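Note: the block below is protein-v6.cif and it holds mmCIF, N, CA and C atoms.
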data_target
#
loop_
_atom_site.label_atom_id
_atom_site.label_comp_id
_atom_site.auth_asym_id
_atom_site.auth_seq_id
_atom_site.Cartn_x
_atom_site.Cartn_y
_atom_site.Cartn_z
N GLN A 1 128.31 98.20 105.91
CA GLN A 1 127.04 98.71 105.43
C GLN A 1 127.15 98.99 103.93
N VAL A 2 126.21 98.44 103.16
CA VAL A 2 126.20 98.65 101.71
C VAL A 2 125.77 100.08 101.42
N GLN A 3 126.49 100.72 100.52
CA GLN A 3 126.11 102.07 100.08
C GLN A 3 125.78 102.05 98.60
N LEU A 4 124.66 102.68 98.27
CA LEU A 4 124.24 102.84 96.89
C LEU A 4 124.10 104.33 96.62
N VAL A 5 124.74 104.82 95.58
CA VAL A 5 124.71 106.24 95.28
C VAL A 5 124.20 106.44 93.86
N GLU A 6 123.06 107.12 93.75
CA GLU A 6 122.48 107.42 92.44
C GLU A 6 123.03 108.74 91.91
N SER A 7 123.04 108.86 90.60
CA SER A 7 123.42 110.11 89.94
C SER A 7 122.75 110.18 88.58
N GLY A 8 122.71 111.37 88.02
CA GLY A 8 122.19 111.53 86.67
C GLY A 8 120.84 112.21 86.59
N GLY A 9 120.19 112.43 87.72
CA GLY A 9 118.89 113.10 87.69
C GLY A 9 119.04 114.55 87.23
N ASP A 10 118.00 115.05 86.58
CA ASP A 10 118.08 116.41 86.03
C ASP A 10 116.70 116.86 85.60
N LEU A 11 116.64 118.11 85.13
CA LEU A 11 115.44 118.65 84.50
C LEU A 11 115.57 118.43 83.00
N VAL A 12 114.55 117.84 82.40
CA VAL A 12 114.59 117.54 80.97
C VAL A 12 113.22 117.83 80.36
N GLN A 13 113.22 118.19 79.11
CA GLN A 13 111.96 118.47 78.42
C GLN A 13 111.26 117.18 78.02
N PRO A 14 109.94 117.23 77.89
CA PRO A 14 109.22 116.04 77.39
C PRO A 14 109.81 115.56 76.07
N GLY A 15 109.95 114.25 75.95
CA GLY A 15 110.55 113.67 74.77
C GLY A 15 112.05 113.48 74.86
N GLY A 16 112.64 114.05 75.89
CA GLY A 16 114.08 113.97 76.07
C GLY A 16 114.52 112.66 76.70
N SER A 17 115.83 112.57 76.94
CA SER A 17 116.44 111.36 77.50
C SER A 17 117.33 111.71 78.68
N LEU A 18 117.46 110.74 79.58
CA LEU A 18 118.38 110.83 80.70
C LEU A 18 118.93 109.44 80.97
N ARG A 19 120.12 109.41 81.55
CA ARG A 19 120.71 108.14 81.97
C ARG A 19 121.06 108.25 83.45
N LEU A 20 120.43 107.40 84.25
CA LEU A 20 120.72 107.35 85.68
C LEU A 20 121.75 106.26 85.94
N SER A 21 122.59 106.49 86.95
CA SER A 21 123.56 105.49 87.35
C SER A 21 123.46 105.25 88.86
N CYS A 22 123.79 104.03 89.25
CA CYS A 22 123.82 103.65 90.66
C CYS A 22 125.17 102.98 90.91
N ALA A 23 125.96 103.57 91.78
CA ALA A 23 127.26 103.01 92.13
C ALA A 23 127.16 102.33 93.49
N ALA A 24 127.62 101.09 93.55
CA ALA A 24 127.54 100.31 94.79
C ALA A 24 128.91 100.21 95.44
N SER A 25 128.90 100.13 96.77
CA SER A 25 130.15 100.02 97.52
C SER A 25 130.67 98.60 97.57
N GLU A 26 129.86 97.65 97.07
CA GLU A 26 130.27 96.25 97.05
C GLU A 26 130.03 95.68 95.65
N ARG A 27 130.62 94.54 95.44
CA ARG A 27 130.48 93.91 94.14
C ARG A 27 129.01 93.56 93.86
N LEU A 28 128.55 93.88 92.66
CA LEU A 28 127.15 93.66 92.32
C LEU A 28 126.78 92.18 92.30
N VAL A 29 127.76 91.32 92.10
CA VAL A 29 127.46 89.91 91.99
C VAL A 29 126.83 89.38 93.28
N SER A 30 127.03 90.09 94.39
CA SER A 30 126.46 89.65 95.66
C SER A 30 124.98 89.99 95.78
N PHE A 31 124.46 90.74 94.82
CA PHE A 31 123.05 91.13 94.84
C PHE A 31 122.30 90.37 93.74
N ALA A 32 121.43 89.47 94.15
CA ALA A 32 120.72 88.64 93.18
C ALA A 32 119.85 89.49 92.25
N VAL A 33 119.23 90.50 92.82
CA VAL A 33 118.36 91.38 92.04
C VAL A 33 118.68 92.83 92.38
N MET A 34 118.73 93.65 91.37
CA MET A 34 118.86 95.08 91.56
C MET A 34 117.75 95.76 90.78
N GLY A 35 117.41 96.97 91.19
CA GLY A 35 116.32 97.62 90.49
C GLY A 35 116.25 99.10 90.71
N TRP A 36 115.37 99.71 89.97
CA TRP A 36 115.05 101.13 90.10
C TRP A 36 113.59 101.27 90.50
N TYR A 37 113.36 102.14 91.46
CA TYR A 37 112.02 102.48 91.90
C TYR A 37 111.89 104.00 91.84
N ARG A 38 110.66 104.48 91.85
CA ARG A 38 110.46 105.92 91.85
C ARG A 38 109.29 106.30 92.74
N GLN A 39 109.33 107.54 93.20
CA GLN A 39 108.26 108.03 94.07
C GLN A 39 107.97 109.48 93.73
N SER A 40 106.70 109.76 93.45
CA SER A 40 106.23 111.12 93.19
C SER A 40 105.54 111.63 94.45
N PRO A 41 105.45 112.95 94.60
CA PRO A 41 104.79 113.52 95.78
C PRO A 41 103.37 112.99 95.93
N GLY A 42 103.05 112.52 97.12
CA GLY A 42 101.71 112.03 97.40
C GLY A 42 101.43 110.62 96.91
N LYS A 43 102.43 109.98 96.33
CA LYS A 43 102.24 108.62 95.81
C LYS A 43 103.20 107.66 96.50
N GLN A 44 102.85 106.38 96.43
CA GLN A 44 103.73 105.36 96.99
C GLN A 44 104.89 105.10 96.03
N ARG A 45 105.97 104.59 96.62
CA ARG A 45 107.10 104.20 95.79
C ARG A 45 106.69 103.05 94.90
N GLU A 46 107.08 103.12 93.62
CA GLU A 46 106.68 102.09 92.67
C GLU A 46 107.87 101.54 91.91
N LEU A 47 107.72 100.31 91.49
CA LEU A 47 108.75 99.64 90.70
C LEU A 47 108.86 100.28 89.33
N VAL A 48 110.09 100.49 88.88
CA VAL A 48 110.34 100.94 87.51
C VAL A 48 110.90 99.78 86.69
N ALA A 49 111.99 99.19 87.19
CA ALA A 49 112.64 98.10 86.46
C ALA A 49 113.54 97.33 87.40
N THR A 50 113.68 96.03 87.14
CA THR A 50 114.62 95.21 87.89
C THR A 50 115.48 94.41 86.92
N ILE A 51 116.64 93.97 87.43
CA ILE A 51 117.54 93.15 86.64
C ILE A 51 118.24 92.17 87.57
N THR A 52 118.28 90.91 87.16
CA THR A 52 118.90 89.88 87.99
C THR A 52 120.37 89.72 87.63
N ASN A 53 121.05 88.88 88.41
CA ASN A 53 122.44 88.56 88.11
C ASN A 53 122.57 87.88 86.74
N GLY A 54 121.52 87.18 86.36
CA GLY A 54 121.50 86.53 85.06
C GLY A 54 121.02 87.44 83.95
N LEU A 55 120.86 88.72 84.26
CA LEU A 55 120.48 89.77 83.31
C LEU A 55 119.04 89.63 82.81
N LEU A 56 118.21 88.96 83.59
CA LEU A 56 116.78 88.95 83.29
C LEU A 56 116.19 90.27 83.76
N THR A 57 115.38 90.89 82.93
CA THR A 57 114.84 92.20 83.26
C THR A 57 113.32 92.17 83.38
N ASN A 58 112.81 93.12 84.12
CA ASN A 58 111.38 93.28 84.30
C ASN A 58 111.09 94.77 84.37
N TYR A 59 110.02 95.20 83.69
CA TYR A 59 109.70 96.62 83.63
C TYR A 59 108.24 96.87 84.01
N ALA A 60 108.00 98.02 84.59
CA ALA A 60 106.64 98.48 84.78
C ALA A 60 106.03 98.73 83.40
N ASP A 61 104.74 98.47 83.26
CA ASP A 61 104.09 98.67 81.97
C ASP A 61 104.25 100.11 81.47
N SER A 62 104.27 101.04 82.39
CA SER A 62 104.31 102.46 82.02
C SER A 62 105.64 102.87 81.37
N VAL A 63 106.69 102.05 81.54
CA VAL A 63 108.00 102.43 80.99
C VAL A 63 108.50 101.46 79.92
N LYS A 64 107.78 100.39 79.68
CA LYS A 64 108.21 99.40 78.69
C LYS A 64 108.39 100.06 77.32
N GLY A 65 109.50 99.73 76.68
CA GLY A 65 109.79 100.28 75.38
C GLY A 65 110.47 101.64 75.42
N ARG A 66 110.52 102.26 76.59
CA ARG A 66 111.17 103.57 76.73
C ARG A 66 112.40 103.53 77.63
N PHE A 67 112.36 102.69 78.64
CA PHE A 67 113.46 102.61 79.61
C PHE A 67 114.20 101.29 79.42
N THR A 68 115.50 101.33 79.69
CA THR A 68 116.33 100.13 79.63
C THR A 68 117.25 100.09 80.85
N VAL A 69 117.17 98.99 81.60
CA VAL A 69 118.02 98.81 82.77
C VAL A 69 119.19 97.91 82.41
N SER A 70 120.35 98.21 82.96
CA SER A 70 121.53 97.38 82.72
C SER A 70 122.40 97.38 83.97
N ARG A 71 123.26 96.39 84.07
CA ARG A 71 124.18 96.33 85.19
C ARG A 71 125.54 95.87 84.70
N ASP A 72 126.58 96.40 85.31
CA ASP A 72 127.96 96.04 84.99
C ASP A 72 128.61 95.57 86.28
N ASN A 73 128.62 94.26 86.47
CA ASN A 73 129.14 93.73 87.72
C ASN A 73 130.61 94.07 87.92
N ALA A 74 131.36 94.17 86.84
CA ALA A 74 132.79 94.48 86.95
C ALA A 74 133.02 95.89 87.46
N LYS A 75 132.12 96.81 87.11
CA LYS A 75 132.26 98.21 87.52
C LYS A 75 131.39 98.55 88.73
N SER A 76 130.64 97.57 89.21
CA SER A 76 129.75 97.79 90.36
C SER A 76 128.77 98.93 90.12
N THR A 77 128.24 98.98 88.91
CA THR A 77 127.27 100.02 88.59
C THR A 77 126.05 99.43 87.89
N MET A 78 124.94 100.07 88.12
CA MET A 78 123.70 99.75 87.43
C MET A 78 123.21 101.04 86.79
N SER A 79 122.60 100.94 85.63
CA SER A 79 122.16 102.13 84.92
C SER A 79 120.70 102.00 84.51
N LEU A 80 120.09 103.14 84.25
CA LEU A 80 118.74 103.18 83.70
C LEU A 80 118.74 104.22 82.59
N GLN A 81 118.61 103.76 81.36
CA GLN A 81 118.51 104.65 80.21
C GLN A 81 117.04 104.97 80.01
N MET A 82 116.70 106.24 80.06
CA MET A 82 115.31 106.67 79.96
C MET A 82 115.15 107.53 78.70
N ASN A 83 114.34 107.07 77.78
CA ASN A 83 114.07 107.79 76.55
C ASN A 83 112.60 108.18 76.48
N SER A 84 112.30 109.10 75.58
CA SER A 84 110.91 109.55 75.38
C SER A 84 110.23 109.90 76.69
N LEU A 85 110.91 110.67 77.49
CA LEU A 85 110.42 110.99 78.83
C LEU A 85 109.13 111.80 78.77
N LYS A 86 108.26 111.54 79.75
CA LYS A 86 106.96 112.19 79.84
C LYS A 86 106.87 112.92 81.19
N PRO A 87 106.02 113.93 81.28
CA PRO A 87 105.86 114.63 82.57
C PRO A 87 105.53 113.68 83.71
N GLU A 88 104.78 112.62 83.42
CA GLU A 88 104.42 111.68 84.49
C GLU A 88 105.59 110.82 84.95
N ASP A 89 106.73 110.92 84.30
CA ASP A 89 107.94 110.24 84.78
C ASP A 89 108.65 111.05 85.87
N THR A 90 108.17 112.25 86.12
CA THR A 90 108.76 113.08 87.16
C THR A 90 108.65 112.40 88.52
N ALA A 91 109.78 112.25 89.19
CA ALA A 91 109.81 111.55 90.48
C ALA A 91 111.24 111.55 91.01
N VAL A 92 111.36 111.11 92.25
CA VAL A 92 112.68 110.77 92.78
C VAL A 92 112.91 109.29 92.47
N TYR A 93 114.03 109.01 91.85
CA TYR A 93 114.36 107.64 91.44
C TYR A 93 115.37 107.04 92.43
N TYR A 94 115.06 105.84 92.89
CA TYR A 94 115.87 105.17 93.90
C TYR A 94 116.47 103.88 93.34
N CYS A 95 117.70 103.65 93.71
CA CYS A 95 118.38 102.40 93.39
C CYS A 95 118.13 101.41 94.52
N ASN A 96 117.90 100.16 94.18
CA ASN A 96 117.64 99.11 95.15
C ASN A 96 118.49 97.89 94.84
N ALA A 97 118.96 97.26 95.90
CA ALA A 97 119.73 96.02 95.75
C ALA A 97 119.27 95.02 96.81
N ARG A 98 119.07 93.77 96.40
CA ARG A 98 118.59 92.74 97.31
C ARG A 98 119.64 91.65 97.47
N ARG A 99 119.87 91.30 98.75
CA ARG A 99 120.76 90.20 99.07
C ARG A 99 120.04 89.34 100.08
N GLY A 100 119.57 88.18 99.64
CA GLY A 100 118.79 87.34 100.54
C GLY A 100 117.53 88.08 100.97
N MET A 101 117.35 88.20 102.28
CA MET A 101 116.19 88.89 102.82
C MET A 101 116.45 90.39 103.03
N LEU A 102 117.64 90.84 102.70
CA LEU A 102 118.00 92.23 102.93
C LEU A 102 117.77 93.09 101.69
N ASN A 103 117.25 94.30 101.95
CA ASN A 103 117.03 95.29 100.91
C ASN A 103 117.87 96.52 101.22
N PHE A 104 118.59 97.01 100.23
CA PHE A 104 119.39 98.22 100.39
C PHE A 104 118.89 99.29 99.43
N TRP A 105 118.91 100.54 99.91
CA TRP A 105 118.39 101.65 99.11
C TRP A 105 119.39 102.78 99.04
N GLY A 106 119.39 103.47 97.91
CA GLY A 106 120.13 104.71 97.80
C GLY A 106 119.31 105.88 98.30
N GLN A 107 119.88 107.08 98.22
CA GLN A 107 119.20 108.27 98.72
C GLN A 107 118.27 108.88 97.67
N GLY A 108 118.41 108.48 96.43
CA GLY A 108 117.51 108.97 95.38
C GLY A 108 118.10 110.11 94.56
N THR A 109 117.61 110.23 93.35
CA THR A 109 118.00 111.33 92.46
C THR A 109 116.74 111.86 91.77
N GLN A 110 116.62 113.18 91.72
CA GLN A 110 115.40 113.80 91.21
C GLN A 110 115.42 113.87 89.69
N VAL A 111 114.34 113.40 89.10
CA VAL A 111 114.11 113.54 87.65
C VAL A 111 112.86 114.38 87.46
N THR A 112 113.00 115.47 86.74
CA THR A 112 111.87 116.35 86.46
C THR A 112 111.72 116.50 84.96
N VAL A 113 110.53 116.18 84.47
CA VAL A 113 110.24 116.27 83.03
C VAL A 113 109.22 117.39 82.85
N SER A 114 109.68 118.49 82.28
CA SER A 114 108.82 119.65 82.15
C SER A 114 109.34 120.56 81.05
N SER A 115 108.40 121.25 80.41
CA SER A 115 108.81 122.22 79.39
C SER A 115 108.90 123.60 80.00
#

Please, can you express the file's structure as structure tokens?
Amino acid sequence: QVQLVESGGDLVQPGGSLRLSCAASERLVSFAVMGWYRQSPGKQRELVATITNGLLTNYADSVKGRFTVSRDNAKSTMSLQMNSLKPEDTAVYYCNARRGMLNFWGQGTQVTVSS
């Protein structure tokens, strides 16, 4: 069973930065696409950013220019650098990995942006 463990969530003031990490129990090269999703209370889970094995990236319009996703296949980790954080970025952030038709999820890490 693939395990994904997120870390790095915290309380941060508006305008601040955070770096989330996702550690996988298997080599990342086996996952064609990995990504970050988030979910706020009362809302559906939404895409934040994805990155392929070829390092092609895709971002939600709401985070473009502020967030950067990266992956290190050698270290089996994926990261999300979040800058210029806004209160509306408050959510539980989930790591996702896709292998063929299979989707794997982490347990999530809470990010709260508030003064």

If you count only C-alpha atoms, the residue of A:Asn96, A:Gln1, A:Ser76, A:Ser7 closest to A:Leu20 turns out to be A:Ser7

Could you pull the residues within 9 Å of A:Val63, counting only C-alpha atoms, minus those fewer than 6 positions along the same chain, as a VMD selection string?
chain A and resid 48 to 49 82 89

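Taking atom C of A:Gln39 as the reference point, atom CA of A:Tyr93 is found at 7.0 Å.
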
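Excluding A:Glu6 and any residue on its chain fewer than 3 positions from it, the residues at most 12 Å away by only C-alpha atoms are Gln3, Gly9, Asp10, Arg19, Leu20, Ser21, Cys22, Ala23, Ala24, Ser25, Gly35, Trp36, Tyr37, Thr77, Met78, Ser79, Leu80, Val92, Tyr93, Tyr94, Cys95, Asn96, Trp105, Gly106, Gln107, Gly108, Thr109, Gln110 and Val111 of chain A.
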
Go ahead and save the picked residues with N, CA and C atoms, as a PDB file, in the coordinates of the input.
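Generated file (part_14.pdb):
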ATOM      1  N   GLN A   3     126.490 100.720 100.520  1.00  0.00           N
ATOM      2  CA  GLN A   3     126.110 102.070 100.080  1.00  0.00           C
ATOM      3  C   GLN A   3     125.780 102.050  98.600  1.00  0.00           C
ATOM      4  N   GLY A   9     120.190 112.430  87.720  1.00  0.00           N
ATOM      5  CA  GLY A   9     118.890 113.100  87.690  1.00  0.00           C
ATOM      6  C   GLY A   9     119.040 114.550  87.230  1.00  0.00           C
ATOM      7  N   ASP A  10     118.000 115.050  86.580  1.00  0.00           N
ATOM      8  CA  ASP A  10     118.080 116.410  86.030  1.00  0.00           C
ATOM      9  C   ASP A  10     116.700 116.860  85.600  1.00  0.00           C
ATOM     10  N   ARG A  19     120.120 109.410  81.550  1.00  0.00           N
ATOM     11  CA  ARG A  19     120.710 108.140  81.970  1.00  0.00           C
ATOM     12  C   ARG A  19     121.060 108.250  83.450  1.00  0.00           C
ATOM     13  N   LEU A  20     120.430 107.400  84.250  1.00  0.00           N
ATOM     14  CA  LEU A  20     120.720 107.350  85.680  1.00  0.00           C
ATOM     15  C   LEU A  20     121.750 106.260  85.940  1.00  0.00           C
ATOM     16  N   SER A  21     122.590 106.490  86.950  1.00  0.00           N
ATOM     17  CA  SER A  21     123.560 105.490  87.350  1.00  0.00           C
ATOM     18  C   SER A  21     123.460 105.250  88.860  1.00  0.00           C
ATOM     19  N   CYS A  22     123.790 104.030  89.250  1.00  0.00           N
ATOM     20  CA  CYS A  22     123.820 103.650  90.660  1.00  0.00           C
ATOM     21  C   CYS A  22     125.170 102.980  90.910  1.00  0.00           C
ATOM     22  N   ALA A  23     125.960 103.570  91.780  1.00  0.00           N
ATOM     23  CA  ALA A  23     127.260 103.010  92.130  1.00  0.00           C
ATOM     24  C   ALA A  23     127.160 102.330  93.490  1.00  0.00           C
ATOM     25  N   ALA A  24     127.620 101.090  93.550  1.00  0.00           N
ATOM     26  CA  ALA A  24     127.540 100.310  94.790  1.00  0.00           C
ATOM     27  C   ALA A  24     128.910 100.210  95.440  1.00  0.00           C
ATOM     28  N   SER A  25     128.900 100.130  96.770  1.00  0.00           N
ATOM     29  CA  SER A  25     130.150 100.020  97.520  1.00  0.00           C
ATOM     30  C   SER A  25     130.670  98.600  97.570  1.00  0.00           C
ATOM     31  N   GLY A  35     117.410  96.970  91.190  1.00  0.00           N
ATOM     32  CA  GLY A  35     116.320  97.620  90.490  1.00  0.00           C
ATOM     33  C   GLY A  35     116.250  99.100  90.710  1.00  0.00           C
ATOM     34  N   TRP A  36     115.370  99.710  89.970  1.00  0.00           N
ATOM     35  CA  TRP A  36     115.050 101.130  90.100  1.00  0.00           C
ATOM     36  C   TRP A  36     113.590 101.270  90.500  1.00  0.00           C
ATOM     37  N   TYR A  37     113.360 102.140  91.460  1.00  0.00           N
ATOM     38  CA  TYR A  37     112.020 102.480  91.900  1.00  0.00           C
ATOM     39  C   TYR A  37     111.890 104.000  91.840  1.00  0.00           C
ATOM     40  N   THR A  77     128.240  98.980  88.910  1.00  0.00           N
ATOM     41  CA  THR A  77     127.270 100.020  88.590  1.00  0.00           C
ATOM     42  C   THR A  77     126.050  99.430  87.890  1.00  0.00           C
ATOM     43  N   MET A  78     124.940 100.070  88.120  1.00  0.00           N
ATOM     44  CA  MET A  78     123.700  99.750  87.430  1.00  0.00           C
ATOM     45  C   MET A  78     123.210 101.040  86.790  1.00  0.00           C
ATOM     46  N   SER A  79     122.600 100.940  85.630  1.00  0.00           N
ATOM     47  CA  SER A  79     122.160 102.130  84.920  1.00  0.00           C
ATOM     48  C   SER A  79     120.700 102.000  84.510  1.00  0.00           C
ATOM     49  N   LEU A  80     120.090 103.140  84.250  1.00  0.00           N
ATOM     50  CA  LEU A  80     118.740 103.180  83.700  1.00  0.00           C
ATOM     51  C   LEU A  80     118.740 104.220  82.590  1.00  0.00           C
ATOM     52  N   VAL A  92     111.360 111.110  92.250  1.00  0.00           N
ATOM     53  CA  VAL A  92     112.680 110.770  92.780  1.00  0.00           C
ATOM     54  C   VAL A  92     112.910 109.290  92.470  1.00  0.00           C
ATOM     55  N   TYR A  93     114.030 109.010  91.850  1.00  0.00           N
ATOM     56  CA  TYR A  93     114.360 107.640  91.440  1.00  0.00           C
ATOM     57  C   TYR A  93     115.370 107.040  92.430  1.00  0.00           C
ATOM     58  N   TYR A  94     115.060 105.840  92.890  1.00  0.00           N
ATOM     59  CA  TYR A  94     115.870 105.170  93.900  1.00  0.00           C
ATOM     60  C   TYR A  94     116.470 103.880  93.340  1.00  0.00           C
ATOM     61  N   CYS A  95     117.700 103.650  93.710  1.00  0.00           N
ATOM     62  CA  CYS A  95     118.380 102.400  93.390  1.00  0.00           C
ATOM     63  C   CYS A  95     118.130 101.410  94.520  1.00  0.00           C
ATOM     64  N   ASN A  96     117.900 100.160  94.180  1.00  0.00           N
ATOM     65  CA  ASN A  96     117.640  99.110  95.150  1.00  0.00           C
ATOM     66  C   ASN A  96     118.490  97.890  94.840  1.00  0.00           C
ATOM     67  N   TRP A 105     118.910 100.540  99.910  1.00  0.00           N
ATOM     68  CA  TRP A 105     118.390 101.650  99.110  1.00  0.00           C
ATOM     69  C   TRP A 105     119.390 102.780  99.040  1.00  0.00           C
ATOM     70  N   GLY A 106     119.390 103.470  97.910  1.00  0.00           N
ATOM     71  CA  GLY A 106     120.130 104.710  97.800  1.00  0.00           C
ATOM     72  C   GLY A 106     119.310 105.880  98.300  1.00  0.00           C
ATOM     73  N   GLN A 107     119.880 107.080  98.220  1.00  0.00           N
ATOM     74  CA  GLN A 107     119.200 108.270  98.720  1.00  0.00           C
ATOM     75  C   GLN A 107     118.270 108.880  97.670  1.00  0.00           C
ATOM     76  N   GLY A 108     118.410 108.480  96.430  1.00  0.00           N
ATOM     77  CA  GLY A 108     117.510 108.970  95.380  1.00  0.00           C
ATOM     78  C   GLY A 108     118.100 110.110  94.560  1.00  0.00           C
ATOM     79  N   THR A 109     117.610 110.230  93.350  1.00  0.00           N
ATOM     80  CA  THR A 109     118.000 111.330  92.460  1.00  0.00           C
ATOM     81  C   THR A 109     116.740 111.860  91.770  1.00  0.00           C
ATOM     82  N   GLN A 110     116.620 113.180  91.720  1.00  0.00           N
ATOM     83  CA  GLN A 110     115.400 113.800  91.210  1.00  0.00           C
ATOM     84  C   GLN A 110     115.420 113.870  89.690  1.00  0.00           C
ATOM     85  N   VAL A 111     114.340 113.400  89.100  1.00  0.00           N
ATOM     86  CA  VAL A 111     114.110 113.540  87.650  1.00  0.00           C
ATOM     87  C   VAL A 111     112.860 114.380  87.460  1.00  0.00           C
TER      88      VAL A 111
END

Per-residue DSSP, chain A, filtered to strand (DSSP E), as a PyMOL selection string:
chain A and resi 4-7+11-12+18-24+33-39+46-52+57-59+67-72+77-82+91-99+102-105+109-113

Using the chain letters and numbering of this document, enumerate as a VMD selection string the residues selected by the PyMOL selection byres ((chain A and resi 87) around 8).
chain A and resid 13 to 15 84 to 86 88 to 91 112 to 115

Suppose you want the space between atom C of A:Arg98 and atom C of A:Ser17; what is it in Å?
27.6 Å

Would you please extract all helix (DSSP H, G or I) residues from chain A, as assigned by DSSP on the backbone, and give them as a ChimeraX atom specification?
/A:28-30,87-89

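As for atom CA of A:Phe67 and atom N of A:Asn103, they are spaced 24.1 Å apart.
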
Give me the residues within 8 Å of A:Ser30 as a ChimeraX atom specification, counting all atoms listed in the file and dropping any in the same chain fewer than 3 places off.
/A:26-27,33,53,73,97-100

Given the PyMOL selection byres ((chain A and resi 51) around 8) and the file above, list the residues it selects as a ChimeraX atom specification.
/A:31-36,49-50,52-59,69-71

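Comparing the minimum interatomic distances between A:Gly65 and each of A:Asn83, A:Leu102, A:Glu46, A:Val5, counting all atoms listed in the file, we find that A:Asn83 sits nearest.
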
Listed atoms of stretch 23-40 of chain A boxed along x, y and z, 8 Å each side, centre and edge lengths in Å, one decimal, as JSON:
{"center_x": 118.1, "center_y": 100.1, "center_z": 93.8, "size_x": 41.1, "size_y": 39.0, "size_z": 23.6}

Where atoms are lacking, stretch 73-78 of chain A completed to all heavy atoms, as a PDB file, in the coordinates of the input:
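Resulting contents of out03.pdb:
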ATOM      1  N   ASN A  73     128.620  94.260  86.470  1.00  0.00           N
ATOM      2  CA  ASN A  73     129.140  93.730  87.720  1.00  0.00           C
ATOM      3  C   ASN A  73     130.610  94.070  87.920  1.00  0.00           C
ATOM      4  O   ASN A  73     131.062  94.268  89.051  1.00  0.00           O
ATOM      5  CB  ASN A  73     128.932  92.214  87.778  1.00  0.00           C
ATOM      6  CG  ASN A  73     127.482  91.838  88.047  1.00  0.00           C
ATOM      7  OD1 ASN A  73     126.626  92.707  88.220  1.00  0.00           O
ATOM      8  ND2 ASN A  73     127.204  90.555  88.050  1.00  0.00           N
ATOM      9  N   ALA A  74     131.360  94.170  86.840  1.00  0.00           N
ATOM     10  CA  ALA A  74     132.790  94.480  86.950  1.00  0.00           C
ATOM     11  C   ALA A  74     133.020  95.890  87.460  1.00  0.00           C
ATOM     12  O   ALA A  74     133.997  96.162  88.174  1.00  0.00           O
ATOM     13  CB  ALA A  74     133.471  94.283  85.600  1.00  0.00           C
ATOM     14  N   LYS A  75     132.120  96.810  87.110  1.00  0.00           N
ATOM     15  CA  LYS A  75     132.260  98.210  87.520  1.00  0.00           C
ATOM     16  C   LYS A  75     131.390  98.550  88.730  1.00  0.00           C
ATOM     17  O   LYS A  75     131.389  99.698  89.185  1.00  0.00           O
ATOM     18  CB  LYS A  75     131.908  99.137  86.358  1.00  0.00           C
ATOM     19  CG  LYS A  75     132.855  99.033  85.173  1.00  0.00           C
ATOM     20  CD  LYS A  75     132.484 100.028  84.089  1.00  0.00           C
ATOM     21  CE  LYS A  75     133.463  99.955  82.923  1.00  0.00           C
ATOM     22  NZ  LYS A  75     133.090 100.916  81.833  1.00  0.00           N
ATOM     23  N   SER A  76     130.640  97.570  89.210  1.00  0.00           N
ATOM     24  CA  SER A  76     129.750  97.790  90.360  1.00  0.00           C
ATOM     25  C   SER A  76     128.770  98.930  90.120  1.00  0.00           C
ATOM     26  O   SER A  76     128.505  99.742  91.013  1.00  0.00           O
ATOM     27  CB  SER A  76     130.567  98.071  91.639  1.00  0.00           C
ATOM     28  OG  SER A  76     131.354  96.957  91.985  1.00  0.00           O
ATOM     29  N   THR A  77     128.240  98.980  88.910  1.00  0.00           N
ATOM     30  CA  THR A  77     127.270 100.020  88.590  1.00  0.00           C
ATOM     31  C   THR A  77     126.050  99.430  87.890  1.00  0.00           C
ATOM     32  O   THR A  77     126.145  98.435  87.177  1.00  0.00           O
ATOM     33  CB  THR A  77     127.867 101.110  87.693  1.00  0.00           C
ATOM     34  OG1 THR A  77     128.324 100.515  86.476  1.00  0.00           O
ATOM     35  CG2 THR A  77     129.009 101.837  88.374  1.00  0.00           C
ATOM     36  N   MET A  78     124.940 100.070  88.120  1.00  0.00           N
ATOM     37  CA  MET A  78     123.700  99.750  87.430  1.00  0.00           C
ATOM     38  C   MET A  78     123.210 101.040  86.790  1.00  0.00           C
ATOM     39  O   MET A  78     123.399 102.130  87.355  1.00  0.00           O
ATOM     40  CB  MET A  78     122.650  99.215  88.396  1.00  0.00           C
ATOM     41  CG  MET A  78     121.311  98.935  87.753  1.00  0.00           C
ATOM     42  SD  MET A  78     120.059  98.321  88.909  1.00  0.00           S
ATOM     43  CE  MET A  78     119.879  99.707  90.028  1.00  0.00           C
TER      44      MET A  78
END
